[in-house]
>>> print(open('model_27.tsv').read())   # TSV, C-alpha atoms
chain	number	residue	atom	x	y	z
A	192	MET	CA	5.50	-60.56	-6.04
A	193	PRO	CA	4.05	-60.10	-2.52
A	194	ASN	CA	4.56	-56.87	-0.60
A	195	ARG	CA	7.89	-56.84	1.20
A	196	SER	CA	9.95	-54.54	3.40
A	197	VAL	CA	13.43	-54.57	4.92
A	198	SER	CA	14.86	-52.49	7.75
A	199	VAL	CA	18.52	-51.74	8.39
A	200	MET	CA	20.53	-49.59	10.79
A	201	HIS	CA	24.05	-48.19	10.90
A	202	ASP	CA	25.47	-47.24	14.28
A	203	GLY	CA	28.10	-44.58	13.64
A	204	PRO	CA	28.89	-41.24	11.98
A	205	TRP	CA	28.59	-40.48	8.27
A	206	SER	CA	30.70	-42.68	6.06
A	207	GLU	CA	29.92	-43.22	2.41
A	208	ASP	CA	31.40	-46.71	2.54
A	209	ALA	CA	29.31	-47.62	5.59
A	210	VAL	CA	26.11	-46.33	3.94
A	211	ARG	CA	26.90	-48.18	0.71
A	212	GLU	CA	27.55	-51.43	2.57
A	213	THR	CA	24.38	-51.09	4.65
A	214	VAL	CA	22.02	-50.32	1.75
A	215	ALA	CA	23.58	-53.01	-0.43
A	216	ARG	CA	22.55	-55.46	2.27
A	217	LEU	CA	19.07	-53.91	2.22
A	218	HIS	CA	18.80	-54.42	-1.54
A	219	ALA	CA	19.97	-58.01	-1.32
A	220	GLU	CA	17.44	-58.85	1.39
A	221	LEU	CA	14.60	-57.07	-0.43
A	222	GLY	CA	15.25	-59.02	-3.62
A	223	GLY	CA	14.67	-56.11	-5.96
A	224	PRO	CA	14.14	-52.34	-6.17
A	225	ALA	CA	12.17	-50.50	-3.49
A	226	ASN	CA	9.33	-48.07	-4.17
A	227	VAL	CA	10.24	-45.91	-1.19
A	228	ALA	CA	12.54	-45.84	1.81
A	229	PHE	CA	11.91	-43.97	5.04
A	230	ALA	CA	15.19	-42.74	6.50
A	231	PHE	CA	15.86	-41.36	9.97
A	232	VAL	CA	19.28	-39.90	10.66
A	233	THR	CA	21.04	-38.13	13.51
A	234	PRO	CA	21.71	-34.37	13.10
A	235	ASP	CA	25.40	-34.82	12.24
A	236	TYR	CA	24.25	-36.31	8.90
A	237	ILE	CA	22.64	-33.03	7.77
A	238	PRO	CA	25.72	-31.77	5.83
A	239	HIS	CA	25.83	-35.12	3.98
A	240	LEU	CA	22.13	-35.60	3.16
A	241	ALA	CA	22.56	-35.22	-0.62
A	242	ASP	CA	25.32	-37.86	-0.73
A	243	PHE	CA	23.47	-40.04	1.78
A	244	CYS	CA	20.27	-40.14	-0.29
A	245	ASP	CA	22.15	-40.61	-3.57
A	246	THR	CA	23.92	-43.64	-2.12
A	247	VAL	CA	20.68	-45.09	-0.77
A	248	ARG	CA	18.94	-44.61	-4.12
A	249	VAL	CA	21.78	-45.89	-6.32
A	250	ASP	CA	23.29	-48.69	-4.23
A	251	GLY	CA	20.05	-49.61	-2.49
A	252	HIS	CA	18.00	-49.44	-5.71
A	253	VAL	CA	15.42	-47.19	-4.04
A	254	LEU	CA	13.18	-44.92	-6.10
A	255	ASP	CA	12.52	-42.26	-3.43
A	256	VAL	CA	13.94	-41.50	0.00
A	257	ALA	CA	11.89	-39.48	2.49
A	258	GLY	CA	13.16	-38.81	5.97
A	259	CYS	CA	14.08	-36.53	8.82
A	260	THR	CA	16.47	-36.13	11.72
A	261	GLY	CA	15.91	-37.62	15.14
A	262	SER	CA	17.59	-37.40	18.52
A	263	GLY	CA	17.29	-41.16	18.64
A	264	MET	CA	16.29	-44.03	16.38
A	265	THR	CA	14.50	-47.35	16.52
A	266	PHE	CA	15.37	-50.47	14.54
A	267	ASN	CA	13.21	-53.57	14.98
A	268	GLU	CA	13.20	-54.14	18.75
A	269	VAL	CA	16.20	-51.82	19.38
A	270	GLU	CA	16.09	-48.20	20.55
A	271	LYS	CA	19.21	-46.10	20.15
A	272	GLU	CA	19.14	-42.75	21.98
A	273	GLY	CA	21.93	-40.29	21.24
A	274	GLY	CA	25.10	-40.94	19.29
A	275	SER	CA	25.29	-41.05	15.50
A	276	GLY	CA	23.73	-43.20	12.84
A	277	PHE	CA	20.71	-43.88	10.68
A	278	THR	CA	17.90	-46.36	10.27
A	279	LEU	CA	15.90	-47.23	7.14
A	280	LEU	CA	12.71	-49.02	6.23
A	281	ALA	CA	12.39	-49.81	2.50
A	282	ILE	CA	9.15	-51.07	1.00
A	283	ARG	CA	8.65	-52.97	-2.23
A	284	SER	CA	5.21	-53.41	-3.77
A	285	ASP	CA	4.31	-54.21	-7.37
A	286	GLU	CA	0.67	-53.14	-6.99
A	287	THR	CA	0.49	-50.35	-4.43
A	288	LYS	CA	1.27	-46.83	-5.64
A	289	PHE	CA	3.19	-44.39	-3.45
A	290	PHE	CA	2.56	-40.65	-3.81
A	291	ILE	CA	5.31	-38.43	-2.43
A	292	HIS	CA	4.74	-34.69	-2.03
A	293	GLU	CA	6.69	-31.84	-0.51
A	294	LEU	CA	4.88	-29.56	1.92
A	295	PRO	CA	6.98	-26.38	1.90
A	296	ASN	CA	5.81	-23.73	4.33
A	297	ASP	CA	4.83	-21.31	1.55
A	298	LEU	CA	2.49	-23.92	0.05
A	299	VAL	CA	0.85	-24.49	3.42
A	300	GLU	CA	0.44	-20.74	3.91
A	301	ARG	CA	-1.32	-20.45	0.52
A	302	ALA	CA	-3.81	-23.20	1.39
A	303	ASP	CA	-7.12	-21.54	2.22
A	304	SER	CA	-9.57	-24.43	2.44
A	305	PRO	CA	-9.99	-28.22	2.36
A	306	ASP	CA	-10.70	-27.88	-1.38
A	307	PHE	CA	-7.13	-26.66	-1.88
A	308	TRP	CA	-5.78	-30.00	-0.68
A	309	ARG	CA	-8.31	-32.01	-2.66
A	310	ARG	CA	-7.19	-30.17	-5.80
A	311	THR	CA	-3.49	-30.44	-4.95
A	312	LEU	CA	-3.10	-34.04	-3.79
A	313	PRO	CA	-4.51	-37.36	-5.00
A	314	GLU	CA	-6.77	-39.68	-3.03
A	315	ALA	CA	-4.88	-42.13	-0.85
A	316	THR	CA	-5.79	-44.83	1.65
A	317	GLY	CA	-3.20	-43.62	4.16
A	318	TRP	CA	-0.43	-41.07	4.61
A	319	ILE	CA	2.92	-40.83	6.39
A	320	LEU	CA	3.76	-37.28	7.50
A	321	LEU	CA	7.21	-35.97	8.46
A	322	THR	CA	7.42	-32.31	9.47
A	323	ASN	CA	9.84	-29.76	10.85
A	324	PRO	CA	8.71	-28.33	14.22
A	325	PHE	CA	10.16	-24.96	13.23
A	326	GLY	CA	7.70	-22.96	11.13
A	327	PHE	CA	5.23	-25.69	10.16
A	328	GLY	CA	1.88	-25.17	11.89
A	329	VAL	CA	0.83	-28.82	11.93
A	330	ASP	CA	-2.20	-28.27	14.20
A	331	ASP	CA	-3.69	-25.63	11.89
A	332	TRP	CA	-2.81	-27.65	8.80
A	333	LEU	CA	-4.60	-30.73	10.15
A	334	VAL	CA	-7.89	-28.81	10.44
A	335	ASP	CA	-8.18	-28.45	6.66
A	336	TRP	CA	-6.46	-31.78	6.02
A	337	ASN	CA	-9.00	-33.73	8.07
A	338	ALA	CA	-11.84	-31.94	6.30
A	339	ALA	CA	-10.32	-32.66	2.88
A	340	PHE	CA	-9.75	-36.39	3.49
A	341	PRO	CA	-12.07	-37.46	6.33
A	342	GLY	CA	-11.32	-40.83	7.85
A	343	VAL	CA	-8.02	-41.31	6.00
A	344	PRO	CA	-5.28	-42.10	8.56
A	345	THR	CA	-2.19	-39.90	8.71
A	346	VAL	CA	0.66	-41.14	10.90
A	347	GLY	CA	4.04	-39.56	11.49
A	348	GLY	CA	6.06	-37.22	13.60
A	349	LEU	CA	7.81	-33.91	14.05
A	350	ALA	CA	11.56	-34.14	13.49
A	351	SER	CA	13.92	-33.78	16.45
A	352	GLY	CA	17.64	-33.64	17.07
A	353	GLY	CA	18.35	-30.28	18.66
A	354	ARG	CA	17.01	-26.99	19.96
A	355	GLU	CA	18.12	-24.92	17.01
A	356	ALA	CA	16.57	-24.92	13.53
A	357	GLU	CA	19.85	-25.88	11.86
A	358	GLU	CA	20.01	-29.05	13.96
A	359	ILE	CA	16.73	-30.41	12.57
A	360	ALA	CA	15.83	-31.30	8.98
A	361	VAL	CA	13.14	-32.94	6.88
A	362	PHE	CA	14.34	-34.16	3.48
A	363	LEU	CA	13.25	-35.76	0.25
A	364	ASN	CA	15.86	-37.35	-2.04
A	365	GLY	CA	18.59	-35.25	-0.46
A	366	ARG	CA	16.76	-31.89	-0.62
A	367	VAL	CA	16.02	-30.27	2.72
A	368	ILE	CA	12.36	-29.16	2.91
A	369	ASP	CA	11.48	-26.22	5.15
A	370	GLY	CA	8.06	-27.67	6.00
A	371	GLY	CA	7.21	-31.33	5.62
A	372	VAL	CA	6.95	-34.39	3.40
A	373	LEU	CA	3.87	-36.54	2.76
A	374	VAL	CA	3.99	-40.13	1.53
A	375	GLY	CA	0.65	-41.61	0.53
A	376	LEU	CA	-0.26	-45.10	-0.60
A	377	SER	CA	-3.12	-46.28	-2.73
A	378	GLY	CA	-4.25	-49.43	-4.55
A	379	GLY	CA	-3.04	-52.97	-4.24
A	380	SER	CA	-3.25	-55.02	-1.08
A	381	LEU	CA	-0.91	-52.95	1.12
A	382	ARG	CA	-2.79	-51.05	3.84
A	383	LEU	CA	-1.70	-48.58	6.51
A	384	LEU	CA	-2.98	-49.49	9.95
A	385	PRO	CA	-2.51	-46.72	12.57
A	386	VAL	CA	-1.85	-47.37	16.26
A	387	VAL	CA	-1.76	-44.52	18.79
A	388	SER	CA	-0.90	-44.96	22.47
A	389	GLN	CA	-1.13	-41.83	24.63
A	390	GLY	CA	0.15	-43.67	27.70
A	391	CYS	CA	-2.20	-42.23	30.34
A	392	ARG	CA	-5.00	-43.45	32.60
A	393	PRO	CA	-7.92	-41.41	33.93
A	394	ILE	CA	-8.01	-40.19	37.55
A	395	GLY	CA	-10.74	-38.34	39.43
A	396	GLU	CA	-14.21	-37.85	38.00
A	397	PRO	CA	-15.28	-37.16	34.42
A	398	LEU	CA	-16.96	-33.74	34.54
A	399	PRO	CA	-18.55	-31.46	31.91
A	400	VAL	CA	-16.97	-28.11	31.06
A	401	THR	CA	-19.39	-25.46	32.31
A	402	ARG	CA	-17.19	-22.38	31.94
A	403	ALA	CA	-14.17	-21.91	29.66
A	404	GLU	CA	-12.52	-19.29	27.51
A	405	ASP	CA	-10.10	-20.29	24.76
A	406	ASN	CA	-7.70	-22.76	26.44
A	407	VAL	CA	-8.61	-21.78	30.03
A	408	ILE	CA	-11.05	-24.00	31.92
A	409	PHE	CA	-12.69	-22.16	34.82
A	410	ALA	CA	-15.36	-24.63	35.90
A	411	LEU	CA	-16.02	-28.36	35.61
A	412	GLY	CA	-19.54	-29.28	36.65
A	413	SER	CA	-20.32	-27.22	39.72
A	414	ARG	CA	-16.70	-26.90	40.82
A	415	PRO	CA	-13.70	-24.75	39.93
A	416	ALA	CA	-11.44	-26.65	37.54
A	417	TYR	CA	-8.52	-26.31	39.97
A	418	GLN	CA	-10.55	-27.90	42.76
A	419	ALA	CA	-11.39	-30.86	40.53
A	420	LEU	CA	-7.68	-31.22	39.71
A	421	GLU	CA	-6.76	-31.13	43.40
A	422	THR	CA	-9.38	-33.78	44.20
A	423	ALA	CA	-8.05	-36.01	41.41
A	424	PHE	CA	-4.50	-35.57	42.74
A	425	GLN	CA	-5.59	-36.50	46.27
A	426	SER	CA	-7.12	-39.72	44.92
A	427	LEU	CA	-3.62	-40.99	44.05
A	428	THR	CA	-1.50	-43.12	46.32
A	429	GLU	CA	1.41	-41.51	48.11
A	430	LYS	CA	3.84	-43.13	45.69
A	431	GLU	CA	1.85	-41.94	42.69
A	432	ARG	CA	1.75	-38.38	44.03
A	433	SER	CA	5.53	-38.35	44.39
A	434	HIS	CA	5.88	-38.97	40.63
A	435	ALA	CA	2.94	-36.86	39.50
A	436	GLN	CA	4.79	-33.59	38.90
A	437	GLY	CA	4.97	-33.04	35.15
A	438	ASN	CA	2.87	-36.16	34.54
A	439	LEU	CA	-0.65	-34.81	35.08
A	440	PHE	CA	-2.74	-34.01	32.01
A	441	ALA	CA	-6.23	-33.04	30.94
A	442	GLY	CA	-8.24	-35.55	28.93
A	443	LEU	CA	-10.84	-34.12	26.53
A	444	ALA	CA	-13.48	-36.74	25.79
A	445	ASN	CA	-13.92	-37.69	22.15
A	446	ASN	CA	-17.51	-38.70	22.83
A	447	GLU	CA	-19.58	-37.84	25.90
A	448	TYR	CA	-22.16	-40.54	25.19
A	449	VAL	CA	-20.39	-43.53	26.67
A	450	GLU	CA	-21.28	-45.38	29.84
A	451	GLU	CA	-17.72	-45.69	31.13
A	452	PHE	CA	-14.62	-43.81	29.98
A	453	ARG	CA	-11.44	-45.79	29.35
A	454	PRO	CA	-7.91	-45.03	28.07
A	455	GLY	CA	-8.20	-44.12	24.42
A	456	ASP	CA	-11.49	-42.26	24.91
A	457	PHE	CA	-9.71	-38.96	25.53
A	458	MET	CA	-7.54	-36.52	23.67
A	459	ILE	CA	-4.67	-35.95	26.11
A	460	ARG	CA	-3.44	-32.37	26.46
A	461	ASN	CA	-0.74	-30.80	28.65
A	462	ILE	CA	-1.71	-28.77	31.69
A	463	LEU	CA	0.15	-25.47	31.19
A	464	GLY	CA	-0.80	-23.83	34.47
A	465	ALA	CA	-3.28	-23.78	37.35
A	466	ASP	CA	-4.40	-20.97	39.68
A	467	PRO	CA	-5.99	-21.87	43.03
A	468	ASP	CA	-7.25	-18.31	43.52
A	469	SER	CA	-9.30	-18.10	40.31
A	470	GLY	CA	-9.86	-21.85	40.08
A	471	ALA	CA	-8.62	-21.84	36.48
A	472	VAL	CA	-6.65	-24.58	34.73
A	473	VAL	CA	-4.83	-23.72	31.47
A	474	ILE	CA	-4.39	-26.54	28.97
A	475	ALA	CA	-2.76	-27.03	25.56
A	476	GLY	CA	-6.10	-27.45	23.83
A	477	ILE	CA	-9.44	-25.76	23.25
A	478	PRO	CA	-12.30	-27.37	25.22
A	479	ARG	CA	-15.92	-26.72	24.36
A	480	ILE	CA	-18.75	-26.05	26.78
A	481	GLY	CA	-20.40	-29.35	27.67
A	482	GLN	CA	-17.39	-31.45	26.69
A	483	THR	CA	-16.38	-34.01	29.31
A	484	VAL	CA	-12.96	-33.56	30.88
A	485	GLN	CA	-11.19	-36.06	33.09
A	486	TYR	CA	-7.70	-35.53	34.45
A	487	GLN	CA	-5.08	-38.13	33.60
A	488	ILE	CA	-1.79	-39.43	34.97
A	489	ARG	CA	1.13	-40.77	32.99
A	490	ASP	CA	3.46	-43.36	34.51
A	491	ARG	CA	5.44	-46.40	33.38
A	492	GLN	CA	2.71	-48.91	34.10
A	493	SER	CA	-0.02	-46.84	32.45
A	494	ALA	CA	2.12	-46.27	29.36
A	495	THR	CA	3.01	-49.96	29.13
A	496	THR	CA	-0.57	-51.12	29.57
A	497	ASP	CA	-1.94	-48.61	27.06
A	498	LEU	CA	0.62	-49.45	24.37
A	499	ARG	CA	-0.01	-53.17	24.77
A	500	ARG	CA	-3.77	-52.51	24.54
A	501	ALA	CA	-3.44	-50.36	21.42
A	502	LEU	CA	-1.15	-52.84	19.65
A	503	GLY	CA	-3.29	-55.77	20.67
A	504	MET	CA	-6.24	-54.28	18.82
A	505	ALA	CA	-4.17	-54.42	15.62
A	506	THR	CA	-3.20	-58.08	15.83
A	507	SER	CA	-6.36	-59.30	14.11
A	508	SER	CA	-5.22	-57.66	10.86
A	509	GLY	CA	-2.46	-60.22	10.37
A	510	LYS	CA	1.33	-60.14	10.48
A	511	PRO	CA	2.80	-56.78	9.48
A	512	VAL	CA	4.80	-56.34	6.30
A	513	GLY	CA	6.68	-53.56	8.11
A	514	SER	CA	6.16	-50.67	10.49
A	515	LEU	CA	7.28	-47.15	11.34
A	516	LEU	CA	7.46	-46.14	15.00
A	517	PHE	CA	7.24	-42.52	16.13
A	518	CYS	CA	8.05	-42.14	19.84
A	519	CYS	CA	8.09	-38.97	21.90
A	520	THR	CA	11.50	-37.84	23.15
A	521	GLY	CA	9.89	-37.89	26.61
A	522	ARG	CA	9.65	-41.66	26.46
A	523	GLY	CA	12.67	-43.95	26.13
A	524	ALA	CA	15.08	-45.29	28.74
A	525	GLU	CA	14.84	-42.32	31.10
A	526	PHE	CA	11.09	-42.69	31.47
A	527	PHE	CA	10.78	-46.49	31.38
A	528	GLY	CA	13.98	-47.21	33.30
A	529	ALA	CA	15.42	-49.43	30.55
A	530	PRO	CA	16.08	-49.07	26.80
A	531	GLY	CA	13.95	-50.60	24.07
A	532	HIS	CA	10.53	-50.42	25.72
A	533	ASP	CA	8.33	-49.18	22.86
A	534	ALA	CA	10.19	-50.86	20.00
A	535	GLY	CA	10.39	-54.07	22.00
A	536	MET	CA	6.67	-53.93	22.73
A	537	VAL	CA	5.85	-53.51	19.02
A	538	GLU	CA	7.84	-56.63	18.18
A	539	ASN	CA	6.59	-58.56	21.20
A	540	VAL	CA	2.90	-57.98	20.45
A	541	LEU	CA	2.95	-57.96	16.64
A	542	GLY	CA	5.73	-60.49	16.10
A	543	ALA	CA	9.15	-59.98	14.52
A	544	HIS	CA	9.00	-57.84	11.37
A	545	PRO	CA	11.04	-55.04	9.72
A	546	SER	CA	10.61	-51.77	11.60
A	547	ALA	CA	12.29	-48.38	11.78
A	548	GLY	CA	11.52	-45.14	13.57
A	549	LEU	CA	12.69	-42.20	15.63
A	550	PHE	CA	12.14	-40.14	18.75
A	551	CYS	CA	10.03	-37.11	17.86
A	552	ASN	CA	9.13	-33.59	19.00
A	553	GLY	CA	5.47	-34.53	18.58
A	554	GLU	CA	3.63	-37.47	17.11
A	555	VAL	CA	0.80	-37.57	14.58
A	556	GLY	CA	-1.95	-40.16	14.44
A	557	PRO	CA	-5.71	-40.58	14.37
A	558	LEU	CA	-7.93	-40.57	17.42
A	559	ALA	CA	-11.68	-41.09	17.11
A	560	GLY	CA	-11.35	-40.77	13.34
A	561	ARG	CA	-9.48	-37.45	13.31
A	562	ASN	CA	-5.75	-37.04	12.75
A	563	CYS	CA	-4.16	-35.11	15.61
A	564	VAL	CA	-0.82	-34.03	17.04
A	565	HIS	CA	0.08	-35.77	20.28
A	566	GLY	CA	2.75	-35.54	22.95
A	567	TYR	CA	4.41	-38.23	25.08
A	568	THR	CA	2.90	-40.71	22.63
A	569	ALA	CA	3.93	-43.78	20.70
A	570	SER	CA	2.36	-43.57	17.24
A	571	CYS	CA	2.88	-46.48	14.89
A	572	ALA	CA	2.17	-46.94	11.18
A	573	ILE	CA	1.78	-50.65	10.48
A	574	PHE	CA	1.87	-51.77	6.87
A	575	VAL	CA	-0.35	-54.82	6.48
A	576	ASP	CA	-0.91	-57.05	3.48
A	577	GLY	CA	-4.67	-57.14	3.00
A	578	ASP	CA	-4.47	-60.48	1.21
A	579	ARG	CA	-3.09	-62.26	4.24
>>> encode(input="model_27.tsv", output="structure tokens")
Amino acid sequence: MPNRSVSVMHDGPWSEDAVRETVARLHAELGGPANVAFAFVTPDYIPHLADFCDTVRVDGHVLDVAGCTGSGMTFNEVEKEGGSGFTLLAIRSDETKFFIHELPNDLVERADSPDFWRRTLPEATGWILLTNPFGFGVDDWLVDWNAAFPGVPTVGGLASGGREAEEIAVFLNGRVIDGGVLVGLSGGSLRLLPVVSQGCRPIGEPLPVTRAEDNVIFALGSRPAYQALETAFQSLTEKERSHAQGNLFAGLANNEYVEEFRPGDFMIRNILGADPDSGAVVIAGIPRIGQTVQYQIRDRQSATTDLRRALGMATSSGKPVGSLLFCCTGRGAEFFGAPGHDAGMVENVLGAHPSAGLFCNGEVGPLAGRNCVHGYTASCAIFVDGDR
């Protein structure tokens, strides 16, 4: 049987009858049992996660359920921000194997090298990662993870739903995990195709870092870093300047040896502070001496153009079997001025297909061959049938 997936959504608070009815529809549409289902629920479902997952597994005929909470959900071309409910993507494949592993915080703390992960986890062609932003050091974990499995895409997100730890959860088959959950796939024709859109465009000049300490850039080229930032800001139109507060970033070049930098050539990092007296700019990243930095701006048009570009590069791989969409909580209707932007773009560019997702506290996806944590990003895991 070919690879198949089905997505469903329930708009409303926890109700065992509503969950049973929704997942029964999922099972009927899928035409058989599912290997795995990815579930995203609103925080009010946390007290009911055990019953929720049991119902999905029994009435939906799903082997494993991995998921997390989100402040909002996506379902096909729909984005639902706030309120109550859940969304599911179930996948059925007779040939592809799915490996599901818990990543409790104590296990991550014991990991002391890339070899630890090679000994602990099997080889996979791609991974989905769901983590809790409280206590799980995903940036540090990715250092060893990338070294253990170089070039293997990992796509996912940090759970959201509230400002307190008890309002956020990552779960596997009804058990709340204090760290994260990994779902890997291997074998068969099903492939994971990652798409990452950081939603920015470069402004000002690309300049080499000539003086820096930790995450503080003091000099770019022959100029103070602050002066280069001010020059980049002045290059904007008056309208762009009026929207620039909170939307200026630093772009760290993935590769200095290119003739012309474009969106996608930079790792985008927040600007945490800037001091005109010392000329320093503080960023949420560690630049290296000689690395090219170019400041960036984020706006609706840039984010739209970049997402369309990133998705367009994936269209040559064929029609998706299904997809998971991980959007930053800083995107959505408030930023784009209308609901459904990112989810609608995924369907518009890739064609109608089953999709589910959530709004995250951080998104994970590869850039220049290395899996990274992003912000204000749309990160998408597209499941493609390699035989198509």
>>> residues_around(input="model_27.tsv", residues="region 292-307 of chain A", least_positions_apart="2", cutoff="12 Å", atoms="all atoms listed in the file", output="number ranges by chain")
A: 255-258, 289-290, 309-313, 318-341, 361-364, 366-376
>>> residues_around(input="model_27.tsv", residues="region 216-226 of chain A", least_positions_apart="3", cutoff="7 Å", atoms="only C-alpha atoms", output="list of chain:residue names")
A:Arg195, A:Ser196, A:Val197, A:Val199, A:Glu212, A:Thr213, A:Gly251, A:His252, A:Val253, A:Leu254, A:Asp255, A:Ala281, A:Ile282, A:Arg283, A:Ser284
>>> atom_distance(input="model_27.tsv", atom1="CA of Leu516 (chain A)", atom2="CA of Ile291 (chain A)")
19.2 Å
>>> residues_around(input="model_27.tsv", residues="Ile480 (chain A)", least_positions_apart="4", cutoff="9 Å", atoms="only C-alpha atoms", output="list in words")
Pro399, Val400, Thr401, Arg402 and Ala403 of chain A
>>> closest_residue(input="model_27.tsv", among="A:Asp405, A:Glu431, A:Leu279, A:Thr520", to="Gly476 (chain A)", atoms="all atoms listed in the file")
A:Asp405
>>> build_atoms(input="model_27.tsv", residues="region 398-409 of chain A", atoms="N, CA, C and O atoms", output="compact mmCIF listing (two decimals), in the frame of the given file")
# COMPACT_ATOMS: atom_id res chain seq x y z
N LEU A 398 -16.06 -34.86 34.26
CA LEU A 398 -16.96 -33.74 34.54
C LEU A 398 -17.14 -32.89 33.29
O LEU A 398 -16.20 -32.70 32.51
N PRO A 399 -18.32 -32.31 33.08
CA PRO A 399 -18.55 -31.46 31.91
C PRO A 399 -17.95 -30.07 32.11
O PRO A 399 -17.94 -29.54 33.23
N VAL A 400 -17.47 -29.49 31.02
CA VAL A 400 -16.97 -28.11 31.06
C VAL A 400 -18.18 -27.18 31.11
O VAL A 400 -19.03 -27.19 30.22
N THR A 401 -18.26 -26.39 32.18
CA THR A 401 -19.39 -25.46 32.31
C THR A 401 -18.97 -24.00 32.14
O THR A 401 -19.82 -23.14 31.91
N ARG A 402 -17.67 -23.74 32.21
CA ARG A 402 -17.19 -22.38 31.94
C ARG A 402 -15.75 -22.47 31.44
O ARG A 402 -14.90 -23.07 32.09
N ALA A 403 -15.52 -21.90 30.26
CA ALA A 403 -14.17 -21.91 29.66
C ALA A 403 -14.05 -20.75 28.69
O ALA A 403 -15.04 -20.25 28.15
N GLU A 404 -12.82 -20.34 28.48
CA GLU A 404 -12.52 -19.29 27.51
C GLU A 404 -11.21 -19.63 26.83
O GLU A 404 -10.17 -19.74 27.49
N ASP A 405 -11.27 -19.84 25.51
CA ASP A 405 -10.10 -20.29 24.76
C ASP A 405 -9.55 -21.57 25.40
O ASP A 405 -10.27 -22.55 25.51
N ASN A 406 -8.29 -21.54 25.86
CA ASN A 406 -7.70 -22.76 26.44
C ASN A 406 -7.69 -22.74 27.97
O ASN A 406 -6.96 -23.50 28.60
N VAL A 407 -8.52 -21.88 28.56
CA VAL A 407 -8.61 -21.78 30.03
C VAL A 407 -9.93 -22.37 30.49
O VAL A 407 -11.01 -21.92 30.08
N ILE A 408 -9.86 -23.40 31.34
CA ILE A 408 -11.05 -24.00 31.92
C ILE A 408 -11.24 -23.39 33.32
O ILE A 408 -10.37 -23.50 34.18
N PHE A 409 -12.39 -22.76 33.53
CA PHE A 409 -12.69 -22.16 34.82
C PHE A 409 -13.53 -23.08 35.70
O PHE A 409 -13.35 -23.11 36.92
